[in-house]
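Visitor: So that you have it, the file is coords.csv, and it contains CSV, C-alpha atoms:
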chain,number,residue,atom,x,y,z
B,1,MET,CA,2.3,40.2,-33.7
B,2,ILE,CA,4.0,39.7,-30.3
B,3,SER,CA,7.5,38.4,-30.5
B,4,LYS,CA,8.8,35.3,-28.6
B,5,PHE,CA,11.0,37.5,-26.5
B,6,LYS,CA,8.0,39.5,-25.2
B,7,ILE,CA,6.1,36.3,-24.4
B,8,HIS,CA,9.0,34.9,-22.4
B,9,ILE,CA,9.3,38.2,-20.5
B,10,LEU,CA,5.6,38.1,-19.8
B,11,VAL,CA,5.8,34.5,-18.5
B,12,VAL,CA,8.7,35.4,-16.2
B,13,ILE,CA,6.9,38.4,-14.8
B,14,CYS,CA,3.8,36.3,-14.2
B,15,VAL,CA,5.7,33.6,-12.4
B,16,THR,CA,7.6,36.1,-10.3
B,17,PHE,CA,4.5,37.9,-9.4
B,18,SER,CA,2.7,34.7,-8.4
B,19,MET,CA,5.7,33.6,-6.3
B,20,PHE,CA,5.4,36.8,-4.2
B,21,ILE,CA,1.6,36.5,-3.8
B,22,CYS,CA,1.4,32.8,-3.2
B,23,GLY,CA,4.5,32.5,-1.1
B,24,ASP,CA,2.6,31.5,2.1
B,25,ALA,CA,0.3,28.9,0.4
B,26,ASN,CA,0.7,25.6,2.0
B,27,ALA,CA,-1.1,22.8,0.2
B,28,ASP,CA,-0.3,19.4,1.7
B,29,ILE,CA,-1.1,17.6,-1.5
B,30,PHE,CA,1.5,14.9,-1.1
B,31,ASP,CA,0.4,14.2,2.5
B,32,ILE,CA,-3.2,13.8,1.3
B,33,LEU,CA,-2.1,11.5,-1.6
B,34,SER,CA,0.1,9.5,0.7
B,35,LEU,CA,-2.8,9.0,3.1
B,36,LYS,CA,-5.2,8.0,0.3
B,37,THR,CA,-2.7,5.6,-1.2
B,38,THR,CA,-2.1,4.0,2.3
B,39,ASN,CA,-5.9,3.6,2.8
B,40,PHE,CA,-6.3,2.1,-0.6
B,41,ALA,CA,-3.4,-0.4,0.0
B,42,LYS,CA,-4.9,-1.5,3.3
B,43,GLY,CA,-8.3,-2.1,1.7
B,44,LEU,CA,-6.6,-3.9,-1.2
B,45,ARG,CA,-4.7,-6.1,1.3
B,46,ASN,CA,-7.9,-7.2,3.0
B,47,ILE,CA,-9.5,-8.1,-0.3
B,48,ALA,CA,-6.3,-10.0,-1.3
B,49,TYR,CA,-6.4,-12.0,2.0
B,50,VAL,CA,-10.0,-13.0,1.3
B,51,ILE,CA,-9.4,-14.0,-2.3
B,52,SER,CA,-6.2,-15.9,-1.4
B,53,GLY,CA,-8.1,-17.8,1.4
B,54,PHE,CA,-10.7,-19.0,-1.1
B,55,GLY,CA,-7.9,-19.8,-3.5
B,56,ILE,CA,-5.9,-21.9,-1.1
B,57,ILE,CA,-9.0,-23.9,-0.2
B,58,MET,CA,-9.8,-24.4,-3.9
B,59,PHE,CA,-6.2,-25.5,-4.6
B,60,THR,CA,-6.2,-27.8,-1.6
B,61,PHE,CA,-9.3,-29.7,-2.9
B,62,ALA,CA,-7.8,-29.8,-6.3
B,63,ALA,CA,-4.6,-31.3,-4.9
B,64,ILE,CA,-6.5,-33.9,-2.9
B,65,SER,CA,-8.6,-34.9,-5.9
B,66,GLY,CA,-5.5,-35.2,-8.1
B,67,LYS,CA,-6.2,-32.3,-10.4
B,68,ILE,CA,-2.9,-30.5,-9.5
B,69,ASN,CA,0.3,-31.7,-7.9
B,70,PHE,CA,1.0,-31.2,-4.2
B,71,LYS,CA,4.2,-29.5,-5.2
B,72,HIS,CA,2.2,-26.7,-6.9
B,73,LEU,CA,0.0,-26.4,-3.8
B,74,GLY,CA,3.2,-25.9,-1.7
B,75,TYR,CA,4.4,-23.2,-4.1
B,76,ILE,CA,1.2,-21.4,-3.9
B,77,SER,CA,1.0,-21.6,-0.1
B,78,ILE,CA,4.6,-20.3,0.3
B,79,SER,CA,3.9,-17.5,-2.1
B,80,LEU,CA,0.8,-16.4,-0.3
B,81,PHE,CA,2.6,-16.6,3.0
B,82,ILE,CA,5.4,-14.3,1.7
B,83,LEU,CA,2.7,-11.9,0.3
B,84,ALA,CA,1.0,-11.7,3.6
B,85,ALA,CA,4.2,-11.3,5.7
B,86,MET,CA,5.9,-8.7,3.4
B,87,GLY,CA,4.1,-5.7,4.9
B,88,ALA,CA,5.2,-6.5,8.4
B,89,PHE,CA,8.7,-7.4,7.1
B,90,ILE,CA,9.1,-4.0,5.4
B,91,ASP,CA,7.9,-2.2,8.5
B,92,TYR,CA,10.5,-4.1,10.6
B,93,VAL,CA,13.3,-3.4,8.2
B,94,THR,CA,12.6,0.3,7.7
B,95,LEU,CA,11.7,1.2,11.2
B,96,GLY,CA,13.6,-1.4,13.2
B,97,THR,CA,10.8,-1.8,15.7
B,98,GLY,CA,8.4,-4.1,14.0
B,99,GLN,CA,5.5,-1.6,14.2
B,100,ASP,CA,4.6,1.3,12.0
B,101,THR,CA,3.4,4.1,14.2
B,102,SER,CA,2.8,6.7,11.4
B,103,LEU,CA,0.5,4.4,9.3
B,104,SER,CA,-0.9,2.3,12.2
B,105,ALA,CA,-0.5,-0.9,10.3
B,106,GLU,CA,-1.0,-3.0,13.5
B,107,PHE,CA,0.6,-6.2,12.3
B,108,LYS,CA,1.5,-7.3,15.8
B,109,ASP,CA,-2.0,-8.1,17.1
B,110,THR,CA,-3.3,-10.1,14.1
B,111,HIS,CA,-3.0,-13.4,16.0
B,112,GLN,CA,-4.9,-11.9,19.0
B,113,LYS,CA,-7.7,-10.6,16.8
B,114,ALA,CA,-8.1,-13.9,15.0
B,115,VAL,CA,-8.1,-16.0,18.2
B,116,CYS,CA,-10.0,-13.7,20.5
B,117,GLN,CA,-13.1,-13.0,18.4
B,118,SER,CA,-15.1,-15.5,20.4
B,119,GLY,CA,-14.7,-13.6,23.7
B,120,LEU,CA,-12.9,-16.4,25.5
B,121,CYS,CA,-9.6,-14.4,25.8
B,122,GLY,CA,-11.1,-11.9,28.3
Go ahead and express the file in the form of structure tokens.

Guide:
Amino acid sequence: MISKFKIHILVVICVTFSMFICGDANADIFDILSLKTTNFAKGLRNIAYVISGFGIIMFTFAAISGKINFKHLGYISISLFILAAMGAFIDYVTLGTGQDTSLSAEFKDTHQKAVCQSGLCG
């Protein structure tokens, strides 16, 4: 039976040997995970905007028909505005420029894209 000391020595030798052989290995796993997380968050943000748009329309009709209070409609509207503006606010605070060049968030041209879809802006 192999003693625990021999197992520890064998593990240390294997780790040292693998450090010398795999010293030049450069796997950018965290860059890949960061990119995939960023792409997922951007897609999730678009889905959240669509769902919140339908929700605000539903709550507006519910407030007009008297099912909910207008105060609750105001709370929901302010909460959705804060949710939508938080990404641009975080970019502004962390980078100080208002635009994120590494992730290409493009918050600055949202108004132009919304208004100029008809082709009237030239």

Visitor: Please, what distance in Å, to one decimal, runs between CA of Leu35 (chain B) and CA of Asp91 (chain B)?

Guide: 16.4 Å

Visitor: With all atoms listed in the file as the counted atoms, please give the residues lying no more than 12 Å from Lys71 (chain B), apart from itself and same-chain residues fewer than 6 positions off, as an MDAnalysis selection string.

Guide: chainID B and resid 59:60 63:64 77:78

Visitor: So how far away is CA of Ile76 (chain B) from CA of Asn39 (chain B), in Å?

Guide: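 CA of Ile76 (chain B) lies at a distance of 26.8 Å from CA of Asn39 (chain B).
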